[in-house]
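Here is the file my_file-v7.pdb (PDB, C-alpha atoms).
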MODEL        1
ATOM      1  CA  MET A  13       0.000   0.000   0.000  1.00  0.00           C
ATOM      2  CA  ASN A  14       1.241   3.463  -0.893  1.00  0.00           C
ATOM      3  CA  VAL A  15       0.392   5.388   2.280  1.00  0.00           C
ATOM      4  CA  GLU A  16       1.423   8.748   0.788  1.00  0.00           C
ATOM      5  CA  ASN A  17      -1.034   8.234  -2.083  1.00  0.00           C
ATOM      6  CA  VAL A  18      -3.842   7.394   0.335  1.00  0.00           C
ATOM      7  CA  LYS A  19      -3.022  10.466   2.443  1.00  0.00           C
ATOM      8  CA  SER A  20      -3.058  12.621  -0.704  1.00  0.00           C
ATOM      9  CA  GLN A  21      -6.482  11.284  -1.681  1.00  0.00           C
ATOM     10  CA  MET A  22      -7.803  11.938   1.829  1.00  0.00           C
ATOM     11  CA  ARG A  23      -6.540  15.539   1.710  1.00  0.00           C
ATOM     12  CA  LYS A  24      -8.168  16.095  -1.693  1.00  0.00           C
ATOM     13  CA  GLY A  25     -11.424  14.722  -0.329  1.00  0.00           C
ATOM     14  CA  ILE A  26     -11.618  17.247   2.503  1.00  0.00           C
ATOM     15  CA  LEU A  27     -10.074  20.297   0.842  1.00  0.00           C
ATOM     16  CA  GLU A  28     -13.353  21.905  -0.258  1.00  0.00           C
ATOM     17  CA  TYR A  29     -14.764  21.449   3.234  1.00  0.00           C
ATOM     18  CA  CYS A  30     -11.669  23.045   4.762  1.00  0.00           C
ATOM     19  CA  ILE A  31     -11.865  26.012   2.379  1.00  0.00           C
ATOM     20  CA  LEU A  32     -15.520  26.609   3.265  1.00  0.00           C
ATOM     21  CA  LEU A  33     -14.668  26.391   6.980  1.00  0.00           C
ATOM     22  CA  ILE A  34     -12.003  29.078   6.583  1.00  0.00           C
ATOM     23  CA  ILE A  35     -14.195  31.411   4.564  1.00  0.00           C
ATOM     24  CA  LYS A  36     -17.115  31.002   6.990  1.00  0.00           C
ATOM     25  CA  ARG A  37     -15.270  32.989   9.644  1.00  0.00           C
ATOM     26  CA  GLU A  38     -14.720  35.987   7.384  1.00  0.00           C
ATOM     27  CA  ALA A  39     -14.112  36.905   3.762  1.00  0.00           C
ATOM     28  CA  ALA A  40     -10.646  35.722   2.794  1.00  0.00           C
ATOM     29  CA  TYR A  41      -8.001  36.451   0.191  1.00  0.00           C
ATOM     30  CA  SER A  42      -6.544  33.418  -1.604  1.00  0.00           C
ATOM     31  CA  ASN A  43      -3.089  33.855  -0.063  1.00  0.00           C
ATOM     32  CA  ASP A  44      -4.680  33.959   3.396  1.00  0.00           C
ATOM     33  CA  ILE A  45      -6.521  30.711   2.647  1.00  0.00           C
ATOM     34  CA  ILE A  46      -3.272  29.043   1.571  1.00  0.00           C
ATOM     35  CA  ARG A  47      -1.466  30.309   4.679  1.00  0.00           C
ATOM     36  CA  ILE A  48      -4.194  29.053   7.034  1.00  0.00           C
ATOM     37  CA  LEU A  49      -4.248  25.645   5.325  1.00  0.00           C
ATOM     38  CA  GLN A  50      -0.448  25.427   5.557  1.00  0.00           C
ATOM     39  CA  GLU A  51      -0.529  26.385   9.245  1.00  0.00           C
ATOM     40  CA  ALA A  52      -2.991  23.514   9.718  1.00  0.00           C
ATOM     41  CA  ARG A  53      -0.461  21.281   7.896  1.00  0.00           C
ATOM     42  CA  LEU A  54      -2.703  20.827   4.860  1.00  0.00           C
ATOM     43  CA  LEU A  55      -0.272  21.781   2.116  1.00  0.00           C
ATOM     44  CA  VAL A  56      -1.943  23.441  -0.867  1.00  0.00           C
ATOM     45  CA  VAL A  57      -0.463  25.413  -3.738  1.00  0.00           C
ATOM     46  CA  GLU A  58      -2.068  28.178  -5.796  1.00  0.00           C
ATOM     47  CA  GLY A  59      -2.449  25.840  -8.771  1.00  0.00           C
ATOM     48  CA  THR A  60      -4.746  23.661  -6.669  1.00  0.00           C
ATOM     49  CA  LEU A  61      -6.600  26.419  -4.831  1.00  0.00           C
ATOM     50  CA  TYR A  62      -7.622  28.706  -7.692  1.00  0.00           C
ATOM     51  CA  PRO A  63      -9.524  26.067  -9.713  1.00  0.00           C
ATOM     52  CA  LEU A  64     -11.318  24.988  -6.519  1.00  0.00           C
ATOM     53  CA  LEU A  65     -12.321  28.565  -5.675  1.00  0.00           C
ATOM     54  CA  THR A  66     -13.580  29.056  -9.233  1.00  0.00           C
ATOM     55  CA  ARG A  67     -15.559  25.816  -9.092  1.00  0.00           C
ATOM     56  CA  LEU A  68     -17.106  26.727  -5.722  1.00  0.00           C
ATOM     57  CA  LYS A  69     -18.021  30.152  -7.093  1.00  0.00           C
ATOM     58  CA  ASN A  70     -19.571  28.625 -10.224  1.00  0.00           C
ATOM     59  CA  LEU A  71     -21.653  26.377  -7.953  1.00  0.00           C
ATOM     60  CA  ASP A  72     -22.856  29.567  -6.188  1.00  0.00           C
ATOM     61  CA  LEU A  73     -21.269  28.483  -2.911  1.00  0.00           C
ATOM     62  CA  LEU A  74     -18.889  31.454  -2.896  1.00  0.00           C
ATOM     63  CA  GLN A  75     -19.014  35.043  -4.003  1.00  0.00           C
ATOM     64  CA  TYR A  76     -16.166  37.491  -4.213  1.00  0.00           C
ATOM     65  CA  GLN A  77     -15.532  41.185  -3.900  1.00  0.00           C
ATOM     66  CA  TRP A  78     -12.559  43.186  -5.124  1.00  0.00           C
ATOM     67  CA  ILE A  79     -10.984  45.181  -2.297  1.00  0.00           C
ATOM     68  CA  GLU A  80      -8.226  47.757  -2.740  1.00  0.00           C
ATOM     69  CA  SER A  81      -4.875  46.777  -1.287  1.00  0.00           C
ATOM     70  CA  LEU A  82      -2.243  48.965   0.292  1.00  0.00           C
ATOM     71  CA  GLN A  83       0.389  46.639  -1.177  1.00  0.00           C
ATOM     72  CA  GLY A  84      -0.397  46.447  -4.882  1.00  0.00           C
ATOM     73  CA  PRO A  85      -3.423  45.753  -7.037  1.00  0.00           C
ATOM     74  CA  PRO A  86      -6.934  45.102  -5.679  1.00  0.00           C
ATOM     75  CA  ARG A  87      -7.468  41.681  -4.102  1.00  0.00           C
ATOM     76  CA  LYS A  88     -10.330  39.254  -4.587  1.00  0.00           C
ATOM     77  CA  TYR A  89     -11.883  38.336  -1.227  1.00  0.00           C
ATOM     78  CA  TYR A  90     -14.135  35.285  -1.104  1.00  0.00           C
ATOM     79  CA  ALA A  91     -17.194  34.909   1.122  1.00  0.00           C
ATOM     80  CA  LEU A  92     -19.858  32.232   1.536  1.00  0.00           C
ATOM     81  CA  THR A  93     -23.239  32.626  -0.100  1.00  0.00           C
ATOM     82  CA  GLU A  94     -26.418  31.334   1.538  1.00  0.00           C
ATOM     83  CA  LYS A  95     -26.078  28.229  -0.596  1.00  0.00           C
ATOM     84  CA  GLY A  96     -22.470  27.930   0.593  1.00  0.00           C
ATOM     85  CA  GLU A  97     -23.583  28.133   4.235  1.00  0.00           C
ATOM     86  CA  ALA A  98     -26.096  25.347   3.605  1.00  0.00           C
ATOM     87  CA  ALA A  99     -23.462  23.210   1.876  1.00  0.00           C
ATOM     88  CA  LEU A 100     -21.047  23.795   4.757  1.00  0.00           C
ATOM     89  CA  ASN A 101     -23.688  22.670   7.258  1.00  0.00           C
ATOM     90  CA  GLU A 102     -24.248  19.492   5.241  1.00  0.00           C
ATOM     91  CA  LEU A 103     -20.513  18.827   5.005  1.00  0.00           C
ATOM     92  CA  SER A 104     -20.118  19.414   8.753  1.00  0.00           C
ATOM     93  CA  ALA A 105     -22.827  16.833   9.450  1.00  0.00           C
ATOM     94  CA  ALA A 106     -21.159  14.397   7.039  1.00  0.00           C
ATOM     95  CA  TRP A 107     -17.777  14.972   8.690  1.00  0.00           C
ATOM     96  CA  SER A 108     -19.244  14.292  12.146  1.00  0.00           C
ATOM     97  CA  GLU A 109     -20.735  11.060  10.851  1.00  0.00           C
ATOM     98  CA  ILE A 110     -17.437   9.963   9.269  1.00  0.00           C
ATOM     99  CA  GLU A 111     -15.492  10.903  12.390  1.00  0.00           C
ATOM    100  CA  SER A 112     -17.904   8.912  14.546  1.00  0.00           C
ATOM    101  CA  THR A 113     -17.608   5.885  12.259  1.00  0.00           C
ATOM    102  CA  ILE A 114     -13.791   6.007  12.270  1.00  0.00           C
ATOM    103  CA  ASN A 115     -13.705   6.338  16.057  1.00  0.00           C
ATOM    104  CA  GLN A 116     -16.070   3.411  16.395  1.00  0.00           C
ATOM    105  CA  LEU A 117     -13.889   1.291  14.100  1.00  0.00           C
ATOM    106  CA  LYS A 118     -10.738   2.248  16.012  1.00  0.00           C
ATOM    107  CA  ASP A 119     -12.314   0.872  19.193  1.00  0.00           C
ATOM    108  CA  PHE A 120     -13.910  -2.145  17.509  1.00  0.00           C
ATOM    109  CA  LYS A 121     -13.336  -5.484  19.210  1.00  0.00           C
ATOM    110  CA  ILE A 122     -14.291  -8.838  17.724  1.00  0.00           C
ATOM    111  CA  THR A 123     -16.289 -10.806  20.255  1.00  0.00           C
TER
ENDMDL
END
Show how you would write the structure in this file as structure tokens.
Amino acid sequence: MNVENVKSQMRKGILEYCILLIIKREAAYSNDIIRILQEARLLVVEGTLYPLLTRLKNLDLLQYQWIESLQGPPRKYYALTEKGEAALNELSAAWSEIESTINQLKDFKIT
């Protein structure tokens, strides 16, 4: 078994959920999202993040607003839409269910 490949697939599976969790707190700039994910030890590069943000926006889960920057050109800040909030709630429920299942399996004893 290639453990690194499995870990990579697991990270890909939760990345959208993690992005929505970050943006729920407050509107976020893409570089801030990458930094927060990296601080949480979920390594993501711009080439992965931008297509995901575009896809989430096209699904009407995110919206964005251009905000002037003191350090260069305006920045695109992403925020959740109502549909994004609903999707996040569904993903949070799914995550709780998965977490519960995994914890149950960790403690499983054959009788």
Problem set entry | Residue nearest A:Lys24 among A:Glu51, A:Ala98, A:Ala39, A:Val56 (counting all atoms listed in the file) | A:Val56
Counting only C-alpha atoms, select every polymer residue within 10 Å of (-26.7, 30.7, 0.1) as defined in the file's coordinates, and provide the selection as a short mmCIF file (atom, residue, chain, number, x, y, z; two decimals) with C-alpha atoms, in the frame of the given file.
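Saved result, result_39.cif, follows:
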data_model
loop_
_atom_site.label_atom_id
_atom_site.label_comp_id
_atom_site.auth_asym_id
_atom_site.auth_seq_id
_atom_site.Cartn_x
_atom_site.Cartn_y
_atom_site.Cartn_z
CA ASP A 72 -22.86 29.57 -6.19
CA LEU A 73 -21.27 28.48 -2.91
CA LEU A 74 -18.89 31.45 -2.90
CA GLN A 75 -19.01 35.04 -4.00
CA LEU A 92 -19.86 32.23 1.54
CA THR A 93 -23.24 32.63 -0.10
CA GLU A 94 -26.42 31.33 1.54
CA LYS A 95 -26.08 28.23 -0.60
CA GLY A 96 -22.47 27.93 0.59
CA GLU A 97 -23.58 28.13 4.24
CA ALA A 98 -26.10 25.35 3.60
CA ALA A 99 -23.46 23.21 1.88
#
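If you measure from each of A:Asn115, A:Ser42, A:Ser20, A:Thr123 to A:Thr66 using all atoms listed in the file, the closest one turns out to be A:Ser42.
When all atoms listed in the file are used to measure the gap to A:Gln77, the shortest distance among A:Leu100, A:Leu33, A:Ala40, A:Leu27 belongs to A:Ala40.
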Exercise. Which of these, A:Tyr76, A:Asn101, A:Arg47, A:Leu54, has the shortest distance to A:Arg23 once you count only C-alpha atoms?
Worked result: A:Leu54
Exercise. Which distance in Å separates atom CA of A:Val57 and atom CA of A:Lys19, to one decimal?
Worked result: 16.4 Å
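The coordinates place atom CA of A:Leu55 at 13.2 Å from atom CA of A:Glu16.
Distances here use all atoms listed in the file; by that measure, the residue among A:Asn14, A:Leu103, A:Ile26, A:Thr113 closest to A:Leu64 is A:Ile26.
Coordinates place atom CA of A:Glu28 at a distance of 12.2 Å from atom CA of A:Trp107.
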Edge lengths and centre in Å to one decimal, as lines of an AutoDock Vina configuration file, of the axis-aligned box that encloses all listed atoms of stretch 51-65 of chain A with 5 Å added on every side?
center_x = -6.3
center_y = 24.8
center_z = 0.0
size_x = 22.0
size_y = 17.9
size_z = 29.4
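In this comparison, which uses all atoms listed in the file, the residue of A:Ser108, A:Ser81, A:Gln116, A:Gln21 approaching A:Tyr41 most closely is A:Ser81.
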